[in-house]
Amino acid sequence: MNIRIDHIAVYCLDLEAMRSFFVNHFGCRANDLYHNPKTGLLTYFLTFPDGETRLEIMSRPERDAIADNVFKSACMHIAIAVGSRDNVVEKTRELTDCGYKCVSGPRVTGDGYFESVVAGPEDIVLEITV
């Protein structure tokens, strides 16, 4: 039995901005926009360059900045491995140069990981790791 996570999904307010962020900064491929006319749900599946890791980004018409927690993401952070310490530093610099806030790092954590933490679009927390 091969058990694995197929994808993780997060809600967002600006679907196109979130799609562009992951396509432009992490090399993701986006599928065609899916729209469920019955519910108003809009989604993209974003496939990372490894060809297996996928993130589903979702939006609904009733989801807005003051919506209750029904459609708010429960995701604490998304960790994205970029291959080396130099790449962590470079990716962190790229994101901060684009106006995203570096919350911490790049640094070695107490448990030995080299990472930075960046607040991406809509304050989605990204852990950039080796």
# chains A, B, ... in the order shown; residues from 1 in each chain; ligands from 1
>>> residues_around(residues="region 23-39 of chain A", least_positions_apart="6", cutoff="9 Å", atoms="only C-alpha atoms", output="mmCIF file with all heavy atoms, in the first residue's frame")
data_model
loop_
_atom_site.group_PDB
_atom_site.id
_atom_site.type_symbol
_atom_site.label_atom_id
_atom_site.label_comp_id
_atom_site.auth_asym_id
_atom_site.auth_seq_id
_atom_site.Cartn_x
_atom_site.Cartn_y
_atom_site.Cartn_z
ATOM 1 N N PHE A 45 -5.339 23.698 -9.272
ATOM 2 C CA PHE A 45 -4.347 22.807 -8.719
ATOM 3 C C PHE A 45 -2.994 23.305 -9.205
ATOM 4 O O PHE A 45 -2.795 23.501 -10.408
ATOM 5 C CB PHE A 45 -4.564 21.355 -9.173
ATOM 6 C CG PHE A 45 -5.503 20.601 -8.298
ATOM 7 C CD1 PHE A 45 -6.845 20.522 -8.625
ATOM 8 C CD2 PHE A 45 -5.046 19.983 -7.142
ATOM 9 C CE1 PHE A 45 -7.728 19.826 -7.815
ATOM 10 C CE2 PHE A 45 -5.922 19.283 -6.325
ATOM 11 C CZ PHE A 45 -7.264 19.212 -6.661
ATOM 12 N N LEU A 46 -2.085 23.515 -8.280
ATOM 13 C CA LEU A 46 -0.733 23.966 -8.589
ATOM 14 C C LEU A 46 0.210 22.789 -8.377
ATOM 15 O O LEU A 46 0.272 22.233 -7.277
ATOM 16 C CB LEU A 46 -0.333 25.126 -7.683
ATOM 17 C CG LEU A 46 -1.291 26.313 -7.679
ATOM 18 C CD1 LEU A 46 -0.861 27.334 -6.653
ATOM 19 C CD2 LEU A 46 -1.383 26.931 -9.057
ATOM 20 N N THR A 47 0.926 22.397 -9.416
ATOM 21 C CA THR A 47 1.867 21.293 -9.324
ATOM 22 C C THR A 47 3.275 21.853 -9.251
ATOM 23 O O THR A 47 3.681 22.652 -10.109
ATOM 24 C CB THR A 47 1.729 20.354 -10.542
ATOM 25 O OG1 THR A 47 0.367 19.907 -10.615
ATOM 26 C CG2 THR A 47 2.661 19.162 -10.423
ATOM 27 N N PHE A 48 4.012 21.455 -8.214
ATOM 28 C CA PHE A 48 5.386 21.920 -8.021
ATOM 29 C C PHE A 48 6.309 21.219 -9.006
ATOM 30 O O PHE A 48 5.947 20.192 -9.602
ATOM 31 C CB PHE A 48 5.813 21.670 -6.573
ATOM 32 C CG PHE A 48 5.222 22.681 -5.619
ATOM 33 C CD1 PHE A 48 3.915 22.562 -5.188
ATOM 34 C CD2 PHE A 48 5.976 23.763 -5.190
ATOM 35 C CE1 PHE A 48 3.360 23.496 -4.331
ATOM 36 C CE2 PHE A 48 5.431 24.706 -4.332
ATOM 37 C CZ PHE A 48 4.113 24.577 -3.894
ATOM 38 N N PRO A 49 7.518 21.763 -9.203
ATOM 39 C CA PRO A 49 8.420 21.214 -10.218
ATOM 40 C C PRO A 49 8.768 19.740 -10.062
ATOM 41 O O PRO A 49 9.142 19.100 -11.045
ATOM 42 C CB PRO A 49 9.676 22.095 -10.088
ATOM 43 C CG PRO A 49 9.146 23.415 -9.628
ATOM 44 C CD PRO A 49 8.033 23.038 -8.663
ATOM 45 N N ARG A 54 1.341 18.789 -4.892
ATOM 46 C CA ARG A 54 0.298 19.685 -5.401
ATOM 47 C C ARG A 54 -0.334 20.477 -4.266
ATOM 48 O O ARG A 54 -0.490 19.978 -3.151
ATOM 49 C CB ARG A 54 -0.792 18.899 -6.123
ATOM 50 C CG ARG A 54 -0.287 18.190 -7.363
ATOM 51 C CD ARG A 54 -1.384 17.595 -8.216
ATOM 52 N NE ARG A 54 -2.305 16.781 -7.433
ATOM 53 C CZ ARG A 54 -3.549 16.518 -7.829
ATOM 54 N NH1 ARG A 54 -4.032 17.006 -8.955
ATOM 55 N NH2 ARG A 54 -4.337 15.753 -7.095
ATOM 56 N N ARG A 60 -14.317 31.171 -2.897
ATOM 57 C CA ARG A 60 -15.776 31.089 -2.977
ATOM 58 C C ARG A 60 -16.324 32.504 -2.920
ATOM 59 O O ARG A 60 -15.735 33.368 -2.292
ATOM 60 C CB ARG A 60 -16.347 30.302 -1.809
ATOM 61 C CG ARG A 60 -15.873 28.878 -1.715
ATOM 62 C CD ARG A 60 -16.493 28.201 -0.494
ATOM 63 N NE ARG A 60 -17.853 27.794 -0.750
ATOM 64 C CZ ARG A 60 -18.207 26.596 -1.186
ATOM 65 N NH1 ARG A 60 -17.279 25.698 -1.435
ATOM 66 N NH2 ARG A 60 -19.464 26.297 -1.383
ATOM 67 N N PRO A 61 -17.471 32.739 -3.525
ATOM 68 C CA PRO A 61 -18.013 34.102 -3.519
ATOM 69 C C PRO A 61 -18.336 34.613 -2.118
ATOM 70 O O PRO A 61 -18.210 35.811 -1.860
ATOM 71 C CB PRO A 61 -19.282 33.998 -4.369
ATOM 72 C CG PRO A 61 -19.565 32.552 -4.524
ATOM 73 C CD PRO A 61 -18.299 31.805 -4.272
ATOM 74 N N ILE A 80 8.399 24.718 1.952
ATOM 75 C CA ILE A 80 8.832 24.485 0.574
ATOM 76 C C ILE A 80 10.351 24.322 0.573
ATOM 77 O O ILE A 80 11.080 25.238 0.958
ATOM 78 C CB ILE A 80 8.410 25.642 -0.349
ATOM 79 C CG1 ILE A 80 6.886 25.796 -0.327
ATOM 80 C CG2 ILE A 80 8.939 25.423 -1.764
ATOM 81 C CD1 ILE A 80 6.370 26.997 -1.087
ATOM 82 N N VAL A 82 13.890 24.125 -1.132
ATOM 83 C CA VAL A 82 14.501 24.705 -2.329
ATOM 84 C C VAL A 82 15.899 24.150 -2.621
ATOM 85 O O VAL A 82 16.560 24.623 -3.530
ATOM 86 C CB VAL A 82 14.519 26.253 -2.246
ATOM 87 C CG1 VAL A 82 13.105 26.815 -2.255
ATOM 88 C CG2 VAL A 82 15.293 26.747 -1.028
ATOM 89 N N LYS A 91 16.014 32.688 -2.245
ATOM 90 C CA LYS A 91 14.557 32.737 -2.351
ATOM 91 C C LYS A 91 13.983 33.733 -1.339
ATOM 92 O O LYS A 91 13.055 34.482 -1.646
ATOM 93 C CB LYS A 91 13.948 31.351 -2.153
ATOM 94 C CG LYS A 91 12.449 31.295 -2.338
ATOM 95 C CD LYS A 91 11.980 31.744 -3.717
ATOM 96 C CE LYS A 91 12.415 30.822 -4.814
ATOM 97 N NZ LYS A 91 11.921 31.256 -6.159
ATOM 98 N N GLU A 94 14.593 37.131 -2.774
ATOM 99 C CA GLU A 94 13.663 37.357 -3.886
ATOM 100 C C GLU A 94 12.285 37.773 -3.364
ATOM 101 O O GLU A 94 11.693 38.742 -3.855
ATOM 102 C CB GLU A 94 13.535 36.076 -4.712
ATOM 103 C CG GLU A 94 12.469 36.127 -5.789
ATOM 104 C CD GLU A 94 12.224 34.766 -6.418
ATOM 105 O OE1 GLU A 94 13.190 33.967 -6.574
ATOM 106 O OE2 GLU A 94 11.061 34.478 -6.754
ATOM 107 N N LEU A 95 11.793 37.042 -2.384
ATOM 108 C CA LEU A 95 10.451 37.334 -1.862
ATOM 109 C C LEU A 95 10.403 38.668 -1.123
ATOM 110 O O LEU A 95 9.447 39.431 -1.283
ATOM 111 C CB LEU A 95 9.973 36.190 -0.967
ATOM 112 C CG LEU A 95 9.754 34.857 -1.692
ATOM 113 C CD1 LEU A 95 9.454 33.748 -0.691
ATOM 114 C CD2 LEU A 95 8.661 34.966 -2.739
#
>>> select_by_dssp(residues="region 6-58 of chain A", states="helix (DSSP H, G or I)", output="list in words")
Leu15, Glu16, Ala17, Met18, Arg19, Ser20, Phe21, Phe22, Val23, Asn24, His25 and Phe26 of chain A
>>> write_last_selection(atoms="C-alpha atoms", output="CSV table (one decimal), in the first residue's frame")
chain,number,residue,atom,x,y,z
A,15,LEU,CA,-7.2,33.4,-6.4
A,16,GLU,CA,-5.3,34.8,-9.4
A,17,ALA,CA,-2.8,36.6,-7.2
A,18,MET,CA,-2.1,33.4,-5.2
A,19,ARG,CA,-1.8,31.4,-8.4
A,20,SER,CA,0.6,34.0,-9.9
A,21,PHE,CA,2.7,33.9,-6.7
A,22,PHE,CA,3.3,30.2,-6.7
A,23,VAL,CA,3.8,30.1,-10.5
A,24,ASN,CA,6.3,33.0,-10.5
A,25,HIS,CA,8.2,32.3,-7.4
A,26,PHE,CA,8.2,28.5,-7.1
>>> residues_around(residues="region 101-104 of chain A", least_positions_apart="4", cutoff="6 Å", atoms="only C-alpha atoms", output="list in words")
Thr96, Ser116, Val117, Val118 and Ala119 of chain A
>>> atom_distance(atom1="CA of Leu41 (chain A)", atom2="CA of Leu126 (chain A)")
24.4 Å
>>> residues_around(residues="region 55-57 of chain A", least_positions_apart="4", cutoff="6 Å", atoms="only C-alpha atoms", output="PyMOL selection string")
chain A and resi 7-11+43-46
>>> atom_distance(atom1="CA of Arg93 (chain A)", atom2="CA of Glu127 (chain A)")
13.5 Å
>>> atom_distance(atom1="CA of Gly105 (chain A)", atom2="CA of Ile5 (chain A)")
27.9 Å
>>> select_by_dssp(residues="region 10-68 of chain A", states="strand (DSSP E)", output="number ranges by chain")
A: 10-11, 29-30, 34-35, 42-47, 54-59
>>> residues_around(residues="region 107-110 of chain A", least_positions_apart="5", cutoff="10 Å", atoms="only C-alpha atoms", output="list in words")
Arg85, Val88, Val89, Glu115, Ser116, Val117 and Thr129 of chain A
